[in-house]
$ cat my_file_1.txt   # compact mmCIF, C-alpha atoms
# COMPACT_ATOMS: atom_id res chain seq x y z
CA ILE A 1 163.45 138.60 97.74
CA SER A 2 160.23 136.57 97.60
CA ARG A 3 159.17 134.06 100.25
CA ASP A 4 159.72 131.25 97.75
CA GLN A 5 163.25 132.39 97.06
CA LYS A 6 163.97 132.30 100.77
CA ASN A 7 162.53 128.79 101.01
CA PRO A 8 163.31 126.95 97.76
CA SER A 9 161.84 123.71 99.10
CA SER A 10 158.35 125.22 98.85
CA LEU A 11 158.80 125.55 95.09
CA ALA A 12 159.62 121.88 94.79
CA LEU A 13 156.56 120.85 96.75
CA ARG A 14 154.01 123.09 95.08
CA PRO A 15 153.51 121.23 91.75
CA ARG A 16 152.98 117.96 93.59
CA ALA A 17 150.49 119.61 95.95
CA ARG A 18 148.62 121.06 92.99
CA HIS A 19 148.55 117.58 91.42
CA ARG A 20 147.05 116.10 94.60
CA ARG A 21 144.41 118.83 94.75
CA ASN A 22 143.49 118.33 91.10
CA ARG A 23 143.32 114.59 91.57
CA GLY A 24 140.97 115.10 94.54
CA LYS A 25 138.74 117.36 92.47
CA GLU A 26 138.65 114.80 89.66
CA ARG A 27 137.67 112.07 92.12
CA THR A 28 134.88 114.23 93.59
CA LEU A 29 133.60 115.08 90.11
CA HIS A 30 133.66 111.40 89.14
CA LEU A 31 131.65 110.43 92.22
CA PHE A 32 129.06 113.10 91.48
CA MET A 33 128.79 112.23 87.79
CA SER A 34 128.61 108.46 88.37
CA SER A 35 125.77 108.59 90.88
CA CYS A 36 123.10 110.97 92.10
CA CYS A 37 123.87 109.93 95.67
CA PRO A 38 126.47 112.15 97.40
CA THR A 39 129.42 110.45 99.05
CA GLY A 40 128.69 109.35 102.58
CA ALA A 41 124.93 109.75 102.24
CA LEU A 42 122.35 106.99 101.98
CA PRO A 43 123.03 103.35 101.12
CA ALA A 44 123.88 102.44 97.55
CA SER A 45 120.35 101.29 96.77
CA TYR A 46 119.34 104.96 96.52
CA ALA A 47 121.86 105.67 93.77
CA GLU A 48 121.35 105.00 90.08
CA LYS A 49 119.98 101.66 88.92
CA GLY A 50 122.49 98.86 88.81
CA THR A 51 124.18 99.70 92.08
CA SER A 52 124.37 97.03 94.74
CA PHE A 53 123.15 97.14 98.30
CA THR A 54 123.80 94.59 101.03
CA PRO A 55 121.49 94.93 104.05
CA ALA A 56 123.31 95.25 107.33
CA GLY A 57 120.58 93.49 109.28
CA GLU A 58 118.82 90.14 109.14
CA THR A 59 115.39 88.60 108.76
CA ILE A 60 114.02 87.26 112.03
CA ASP A 61 110.96 85.13 112.78
CA LEU A 62 109.00 86.10 115.88
CA GLY A 63 106.49 83.29 115.44
CA GLY A 64 102.86 83.37 114.40
CA GLY A 65 103.82 84.37 110.88
CA CYS A 66 105.61 87.49 112.13
CA ARG A 67 108.61 87.95 109.84
CA CYS A 68 110.67 91.09 110.44
CA TYR A 69 113.77 92.84 109.22
CA ALA A 70 115.95 93.75 112.21
CA THR A 71 119.09 95.87 112.21
CA GLY A 72 121.17 97.85 114.67
CA ASP A 73 122.19 97.24 118.26
CA PRO A 74 119.64 96.95 121.09
CA ARG A 75 122.31 98.06 123.56
CA TRP A 76 121.37 101.62 122.57
CA LYS A 77 118.21 100.90 124.62
CA THR A 78 116.04 102.70 122.05
CA ALA A 79 114.15 101.08 119.21
CA ILE A 80 112.37 102.22 116.07
CA VAL A 81 109.49 100.17 114.69
CA VAL A 82 109.16 100.82 110.96
CA MET A 83 105.72 100.49 109.37
CA HIS A 84 106.09 99.78 105.65
CA ASP A 85 104.03 101.21 102.79
CA VAL A 86 101.39 99.38 100.67
CA PHE A 87 104.10 97.77 98.55
CA GLY A 88 105.15 95.80 101.63
CA LEU A 89 108.44 95.15 103.37
CA ASP A 90 110.02 93.72 100.22
CA GLY A 91 109.04 96.69 98.04
CA GLY A 92 111.00 99.90 97.75
CA HIS A 93 113.94 100.68 100.00
CA HIS A 94 112.62 99.77 103.43
CA ARG A 95 115.72 97.82 104.47
CA ALA A 96 118.05 100.63 103.42
CA LEU A 97 116.00 103.11 105.45
CA CYS A 98 116.07 100.78 108.44
CA ASP A 99 119.87 100.60 108.19
CA ALA A 100 120.11 104.40 107.95
CA LEU A 101 117.97 104.82 111.07
CA ALA A 102 119.96 102.16 112.92
CA ALA A 103 123.18 104.04 112.11
CA GLY A 104 121.73 106.91 114.12
CA GLY A 105 121.94 104.80 117.29
CA HIS A 106 118.83 102.63 117.47
CA TYR A 107 117.68 99.03 117.21
CA VAL A 108 115.29 98.96 114.25
CA VAL A 109 112.59 96.40 113.47
CA CYS A 110 110.29 96.41 110.44
CA PRO A 111 107.53 93.77 110.69
CA ASP A 112 106.08 92.33 107.48
CA PHE A 113 102.40 93.00 108.06
CA TYR A 114 101.46 91.67 104.61
CA GLN A 115 103.34 88.37 104.98
CA GLY A 116 105.28 88.80 101.75
CA GLY A 117 102.39 90.41 99.89
CA SER A 118 102.01 93.77 98.17
CA ILE A 119 99.28 95.81 96.57
CA GLU A 120 101.54 96.39 93.56
CA PRO A 121 100.40 93.36 91.47
CA TYR A 122 96.77 94.45 91.75
CA TYR A 123 97.52 97.87 90.32
CA LYS A 124 99.75 96.46 87.61
CA ASN A 125 96.88 94.21 86.52
CA GLY A 126 94.34 97.03 86.59
CA ALA A 127 92.55 95.49 89.57
CA ALA A 128 92.68 98.39 92.03
CA ASP A 129 89.32 97.48 93.63
CA GLU A 130 90.53 93.94 94.30
CA GLY A 131 93.69 95.39 95.77
CA LYS A 132 91.69 97.49 98.21
CA GLU A 133 89.70 94.41 99.25
CA TRP A 134 92.96 92.58 99.85
CA LEU A 135 94.25 95.51 101.90
CA LYS A 136 91.18 95.35 104.17
CA ARG A 137 92.59 92.18 105.71
CA PHE A 138 95.25 94.17 107.51
CA ASN A 139 93.09 96.07 109.98
CA TRP A 140 94.19 97.14 113.44
CA ALA A 141 93.25 93.80 115.03
CA TRP A 142 95.65 92.12 112.60
CA CYS A 143 98.42 94.70 112.93
CA SER A 144 98.23 95.02 116.71
CA ALA A 145 98.62 91.26 117.12
CA ILE A 146 101.83 91.40 115.10
CA LEU A 147 103.06 94.42 117.04
CA GLU A 148 102.53 92.61 120.34
CA ARG A 149 105.13 90.09 119.18
CA VAL A 150 107.46 92.92 118.18
CA TYR A 151 107.04 94.62 121.56
CA ALA A 152 107.76 91.36 123.37
CA HIS A 153 110.91 90.99 121.26
CA LEU A 154 112.01 94.52 122.16
CA ASP A 155 111.35 93.87 125.85
CA GLY A 156 113.50 90.78 125.63
CA LYS A 157 116.30 92.85 124.13
CA GLY A 158 116.21 95.31 127.02
CA VAL A 159 114.82 98.22 125.00
CA THR A 160 113.47 100.97 127.27
CA SER A 161 111.91 103.42 124.79
CA THR A 162 110.44 103.03 121.33
CA GLY A 163 109.59 105.29 118.42
CA SER A 164 107.83 104.43 115.19
CA ILE A 165 107.95 105.77 111.65
CA GLY A 166 105.47 104.86 108.94
CA PHE A 167 105.28 105.50 105.22
CA CYS A 168 102.03 105.92 103.28
CA TRP A 169 99.73 103.21 104.75
CA GLY A 170 102.27 102.75 107.53
CA ALA A 171 101.60 106.27 108.86
CA TRP A 172 98.10 105.09 109.80
CA ALA A 173 99.66 102.19 111.73
CA VAL A 174 101.95 104.65 113.54
CA ALA A 175 98.98 106.84 114.49
CA LYS A 176 97.24 103.79 115.94
CA ALA A 177 100.36 102.62 117.80
CA CYS A 178 100.89 106.10 119.27
CA GLN A 179 97.53 105.87 121.02
CA ASP A 180 99.41 103.79 123.60
CA PRO A 181 102.32 105.91 124.88
CA GLY A 182 103.33 103.12 127.20
CA ARG A 183 104.47 101.21 124.13
CA VAL A 184 105.41 103.88 121.58
CA GLN A 185 106.73 107.18 122.89
CA ALA A 186 107.07 109.11 119.59
CA GLY A 187 105.88 108.78 116.02
CA VAL A 188 106.66 110.04 112.53
CA TRP A 189 104.17 110.08 109.66
CA CYS A 190 105.99 110.21 106.33
CA HIS A 191 104.00 110.93 103.13
CA PRO A 192 100.97 109.75 105.14
CA SER A 193 97.85 107.98 103.83
CA CYS A 194 95.85 107.92 107.06
CA GLN A 195 92.61 108.01 105.07
CA VAL A 196 92.82 104.21 104.95
CA GLY A 197 91.39 104.25 108.49
CA ARG A 198 88.05 105.65 107.33
CA GLU A 199 88.04 104.08 103.87
CA LEU A 200 89.13 100.52 104.70
CA TYR A 201 89.20 99.84 108.43
CA GLU A 202 87.62 101.06 111.65
CA GLY A 203 86.18 104.21 110.09
CA GLU A 204 88.36 106.70 111.98
CA THR A 205 88.85 109.96 110.11
CA GLU A 206 92.24 111.62 110.07
CA GLN A 207 90.96 114.08 112.66
CA GLU A 208 89.73 111.28 114.92
CA LEU A 209 93.08 109.51 114.63
CA ALA A 210 94.88 112.70 115.64
CA GLN A 211 92.45 113.17 118.53
CA ARG A 212 93.44 109.77 119.96
CA VAL A 213 97.20 110.11 119.50
CA LYS A 214 99.01 110.56 122.81
CA SER A 215 102.68 110.45 121.77
CA PRO A 216 104.69 113.28 120.16
CA THR A 217 104.16 113.22 116.40
CA LEU A 218 106.13 114.61 113.47
CA ILE A 219 104.42 114.82 110.06
CA LEU A 220 106.45 114.91 106.82
CA PRO A 221 104.02 115.47 103.91
CA SER A 222 104.50 116.12 100.20
CA PRO A 223 102.21 118.17 97.91
CA GLN A 224 100.29 115.03 96.84
CA GLU A 225 98.77 114.36 100.27
CA ASP A 226 95.69 116.11 101.65
CA GLU A 227 96.29 119.68 102.83
CA LEU A 228 95.13 118.82 106.37
CA TYR A 229 98.56 117.31 107.00
CA ARG A 230 100.22 120.70 106.50
CA ASN A 231 97.58 123.43 106.97
CA GLY A 232 97.51 123.28 110.77
CA GLU A 233 94.23 121.38 111.09
CA LEU A 234 95.77 118.28 112.67
CA ALA A 235 98.34 120.38 114.53
CA ALA A 236 95.51 122.24 116.27
CA ILE A 237 94.09 118.93 117.49
CA PHE A 238 97.46 117.84 118.84
CA GLU A 239 97.98 121.20 120.52
CA ALA A 240 94.55 121.10 122.18
CA ASN A 241 95.44 117.73 123.67
CA GLY A 242 98.90 118.79 124.81
CA VAL A 243 100.64 116.45 122.36
CA ALA A 244 104.00 117.70 121.11
CA ASN A 245 103.98 117.92 117.33
CA ASP A 246 105.73 119.38 114.33
CA MET A 247 105.39 119.39 110.54
CA VAL A 248 108.00 119.82 107.82
CA TYR A 249 106.56 120.25 104.33
CA PHE A 250 108.57 118.61 101.53
CA HIS A 251 107.33 120.84 98.72
CA ASP A 252 109.86 119.49 96.21
CA GLN A 253 109.06 115.78 96.67
CA SER A 254 106.30 113.42 95.54
CA HIS A 255 104.35 110.87 97.56
CA GLY A 256 106.55 107.90 98.36
CA TRP A 257 109.89 109.70 98.09
CA MET A 258 111.30 108.09 101.25
CA THR A 259 110.71 104.43 100.43
CA ARG A 260 110.52 104.81 96.63
CA GLY A 261 108.01 101.97 96.60
CA ALA A 262 104.35 102.93 96.55
CA GLY A 263 103.54 106.29 95.06
CA PHE A 264 100.26 108.18 94.90
CA LEU A 265 97.02 106.15 94.58
CA GLY A 266 98.84 102.82 94.53
CA LYS A 267 101.07 103.60 91.56
CA SER A 268 104.80 103.27 91.87
CA TRP A 269 106.82 106.23 93.09
CA VAL A 270 108.23 106.76 89.59
CA ASP A 271 104.78 106.58 87.98
CA SER A 272 103.64 109.22 90.47
CA GLY A 273 106.31 111.67 89.35
CA GLY A 274 109.27 110.56 91.45
CA ARG A 275 112.69 111.10 89.91
CA GLU A 276 116.00 109.53 90.93
CA ASN A 277 118.08 112.68 91.14
CA LEU A 278 120.00 114.76 93.63
CA THR A 279 116.85 116.57 94.79
CA SER A 280 115.17 113.32 95.77
CA ILE A 281 118.32 112.06 97.51
CA VAL A 282 118.49 115.24 99.57
CA GLY A 283 114.81 114.75 100.41
CA VAL A 284 115.41 111.24 101.74
CA GLN A 285 118.42 112.31 103.78
CA ARG A 286 116.46 115.23 105.25
CA GLY A 287 113.67 112.83 106.18
CA VAL A 288 116.11 110.50 107.92
CA ASN A 289 117.80 113.37 109.74
CA LEU A 290 114.51 114.90 110.90
CA THR A 291 113.30 111.51 112.12
CA LEU A 292 116.50 110.86 114.06
CA GLY A 293 116.30 114.33 115.59
CA TRP A 294 112.68 113.79 116.62
CA PHE A 295 113.52 110.51 118.32
CA ALA A 296 116.65 111.98 119.91
CA LYS A 297 114.41 114.58 121.48
CA HIS A 298 111.51 112.39 122.59
CA LEU A 299 112.98 108.94 123.31
CA HIS A 300 115.52 110.17 125.86
CA LYS A 301 113.71 111.63 128.86

$ encode --input "my_file_1.txt" --output "structure tokens"
Amino acid sequence: ISRDQKNPSSLALRPRARHRRNRGKERTLHLFMSSCCPTGALPASYAEKGTSFTPAGETIDLGGGCRCYATGDPRWKTAIVVMHDVFGLDGGHHRALCDALAAGGHYVVCPDFYQGGSIEPYYKNGAADEGKEWLKRFNWAWCSAILERVYAHLDGKGVTSTGSIGFCWGAWAVAKACQDPGRVQAGVWCHPSCQVGRELYEGETEQELAQRVKSPTLILPSPQEDELYRNGELAAIFEANGVANDMVYFHDQSHGWMTRGAGFLGKSWVDSGGRENLTSIVGVQRGVNLTLGWFAKHLHK
């Protein structure tokens, strides 16, 4: 006698159970086919075009023309200052990234260094040289003044430790901020364009920037950035100065994959080879996870 013959009720339940399993598989397949973004991953703005995204945070005004996007809960006592790329706060997916970082247990603030501006119109109009001249306005004297307002805001919220992540141009700003470990205790450079320091601003080379960094630094480069970000050259400088560091090479991504705003040489991410597919979604999620892990390690001493 079979087990099912001994327990006839199991025979009655089995077709229904199979139906539920099949229905679950159909739902999973539908979710995968309808969007490149896996269930439970990044906000909807990273899925296919036409999807909606409602930011979880709000725009705050810290005075002196310092507009910021803020999200998360300062009661975590840790903050992340996000430095946007050359397309500005309103370009790409900066707000969605801020929300994803906040979900990891941080208060997140992204200041609008460009005051609503972006280099994108200059490139679209074939005026790259004019765009670079415009970008020269936002040197460290300009950026540090804005960051002082952000730091005062964080102090007022009771934040006790702060990390910073920057994308493209923003990685340069992170490197500068991490020269003061009293203010920023850890940094992440994502698809970095730190050459702007020597080309547009104070003249610091990438090596000189690394030499002056005092806070633990994680670098997340793609193949389109200079090899010095991944060949150990900058790591050797950090090591010589006793600065904790790490590098994770995103060999299957293109410059700008995290924000999906500015791509390589001022073009859009798509024009630089970026593709909205599962590979790029995994790349963004890995970047978020690595960043959260870095801050979990270095913001809680």

$ closest_residue --input "my_file_1.txt" --among "A:Ser280, A:Thr160, A:Gln115, A:Ser193" --to "Cys66 of chain A" --atoms "all atoms listed in the file"
A:Gln115

$ residues_around --input "my_file_1.txt" --residues "Pro181 of chain A" --least-positions-apart "5" --cutoff "10 Å" --atoms "all atoms listed in the file" --output "list of chain:residue names"
A:Ser161, A:Thr162, A:Gly163, A:Ala186, A:Gly187, A:Val213, A:Lys214, A:Ser215, A:Pro216

$ atom_distance --input "my_file_1.txt" --atom1 "atom CA of Pro74 of chain A" --atom2 "atom CA of Ala102 of chain A"
9.7 Å

$ closest_residue --input "my_file_1.txt" --among "A:Ile119, A:Met258, A:Leu101, A:Cys190" --to "Gly131 of chain A" --atoms "all atoms listed in the file"
A:Ile119

$ residues_near_point --input "my_file_1.txt" --point "(107.4, 104.1, 115.7)" --cutoff "8 Å" --atoms "all atoms listed in the file" --output "number ranges by chain"
A: 80-83, 162-166, 174, 177-178, 184-188

$ closest_residue --input "my_file_1.txt" --among "A:Pro55, A:Pro221, A:Pro121, A:Gly64" --to "Trp142 of chain A" --atoms "only C-alpha atoms"
A:Gly64

$ closest_residue --input "my_file_1.txt" --among "A:Thr78, A:Thr259, A:Gln224, A:Asn139" --to "Phe167 of chain A" --atoms "only C-alpha atoms"
A:Thr259

$ atom_distance --input "my_file_1.txt" --atom1 "atom CA of Asp90 of chain A" --atom2 "atom CA of Tyr69 of chain A"
9.8 Å

$ closest_residue --input "my_file_1.txt" --among "A:Trp172, A:Trp189, A:Trp257, A:Trp294" --to "His94 of chain A" --atoms "only C-alpha atoms"
A:Trp257

$ atom_distance --input "my_file_1.txt" --atom1 "atom CA of Asp226 of chain A" --atom2 "atom CA of Gly256 of chain A"
14.0 Å

$ closest_residue --input "my_file_1.txt" --among "A:Ala235, A:Thr59, A:Tyr114, A:Leu89" --to "Arg137 of chain A" --atoms "all atoms listed in the file"
A:Tyr114

$ residues_around --input "my_file_1.txt" --residues "Gly105 of chain A" --least-positions-apart "4" --cutoff "12 Å" --atoms "all atoms listed in the file" --output "count of residues only"
20

$ build_atoms --input "my_file_1.txt" --residues "segment 184-195 of chain A" --atoms "all heavy atoms" --output "tab-separated table (two decimals), in the coordinates of the input"
chain	number	residue	atom	x	y	z
A	184	VAL	N	104.72	103.07	122.59
A	184	VAL	CA	105.41	103.88	121.58
A	184	VAL	C	105.41	105.33	122.06
A	184	VAL	O	104.35	105.94	122.21
A	184	VAL	CB	104.74	103.76	120.20
A	184	VAL	CG1	105.45	104.65	119.19
A	184	VAL	CG2	104.74	102.31	119.72
A	185	GLN	N	106.60	105.86	122.26
A	185	GLN	CA	106.73	107.18	122.89
A	185	GLN	C	106.85	108.34	121.89
A	185	GLN	O	106.81	109.50	122.28
A	185	GLN	CB	107.93	107.20	123.82
A	185	GLN	CG	107.73	106.40	125.11
A	185	GLN	CD	107.87	104.90	124.90
A	185	GLN	OE1	108.86	104.43	124.34
A	185	GLN	NE2	106.88	104.15	125.35
A	186	ALA	N	106.99	108.05	120.61
A	186	ALA	CA	107.07	109.11	119.59
A	186	ALA	C	106.81	108.50	118.23
A	186	ALA	O	107.15	107.33	117.98
A	186	ALA	CB	108.43	109.80	119.61
A	187	GLY	N	106.20	109.28	117.34
A	187	GLY	CA	105.88	108.78	116.02
A	187	GLY	C	106.20	109.77	114.92
A	187	GLY	O	106.26	110.98	115.14
A	188	VAL	N	106.42	109.23	113.72
A	188	VAL	CA	106.66	110.04	112.53
A	188	VAL	C	105.78	109.52	111.40
A	188	VAL	O	105.81	108.32	111.09
A	188	VAL	CB	108.15	110.00	112.09
A	188	VAL	CG1	108.35	110.84	110.82
A	188	VAL	CG2	109.06	110.48	113.21
A	189	TRP	N	104.99	110.42	110.82
A	189	TRP	CA	104.17	110.08	109.66
A	189	TRP	C	104.86	110.63	108.42
A	189	TRP	O	105.01	111.83	108.27
A	189	TRP	CB	102.78	110.71	109.74
A	189	TRP	CG	101.98	110.45	110.98
A	189	TRP	CD1	102.31	109.70	112.07
A	189	TRP	CD2	100.67	110.97	111.25
A	189	TRP	NE1	101.32	109.72	113.00
A	189	TRP	CE2	100.28	110.50	112.51
A	189	TRP	CE3	99.80	111.81	110.54
A	189	TRP	CZ2	99.06	110.82	113.09
A	189	TRP	CZ3	98.58	112.13	111.11
A	189	TRP	CH2	98.20	111.64	112.37
A	190	CYS	N	105.27	109.77	107.52
A	190	CYS	CA	105.99	110.21	106.33
A	190	CYS	C	105.14	109.94	105.09
A	190	CYS	O	104.64	108.82	104.91
A	190	CYS	CB	107.31	109.46	106.23
A	190	CYS	SG	108.53	110.32	105.26
A	191	HIS	N	104.98	110.94	104.24
A	191	HIS	CA	104.00	110.93	103.13
A	191	HIS	C	102.78	110.08	103.50
A	191	HIS	O	102.50	109.05	102.91
A	191	HIS	CB	104.62	110.52	101.79
A	191	HIS	CG	105.62	109.39	101.80
A	191	HIS	ND1	105.27	108.07	101.74
A	191	HIS	CD2	106.97	109.42	101.83
A	191	HIS	CE1	106.34	107.31	101.73
A	191	HIS	NE2	107.39	108.12	101.79
A	192	PRO	N	102.02	110.56	104.51
A	192	PRO	CA	100.97	109.75	105.14
A	192	PRO	C	99.73	109.53	104.27
A	192	PRO	O	99.33	110.39	103.48
A	192	PRO	CB	100.61	110.56	106.39
A	192	PRO	CG	100.97	111.96	106.06
A	192	PRO	CD	102.16	111.89	105.15
A	193	SER	N	99.13	108.34	104.45
A	193	SER	CA	97.85	107.98	103.83
A	193	SER	C	96.90	107.48	104.91
A	193	SER	O	96.38	106.36	104.85
A	193	SER	CB	98.05	106.91	102.75
A	193	SER	OG	98.81	107.40	101.67
A	194	CYS	N	96.68	108.33	105.92
A	194	CYS	CA	95.85	107.92	107.06
A	194	CYS	C	94.37	107.79	106.70
A	194	CYS	O	93.59	107.33	107.54
A	194	CYS	CB	96.03	108.91	108.20
A	194	CYS	SG	97.71	108.90	108.91
A	195	GLN	N	94.00	108.17	105.48
A	195	GLN	CA	92.61	108.01	105.07
A	195	GLN	C	92.20	106.54	104.99
A	195	GLN	O	91.01	106.22	104.95
A	195	GLN	CB	92.36	108.68	103.71
A	195	GLN	CG	92.98	107.99	102.51
A	195	GLN	CD	94.41	108.41	102.25
A	195	GLN	OE1	95.03	109.08	103.08
A	195	GLN	NE2	94.95	108.04	101.09
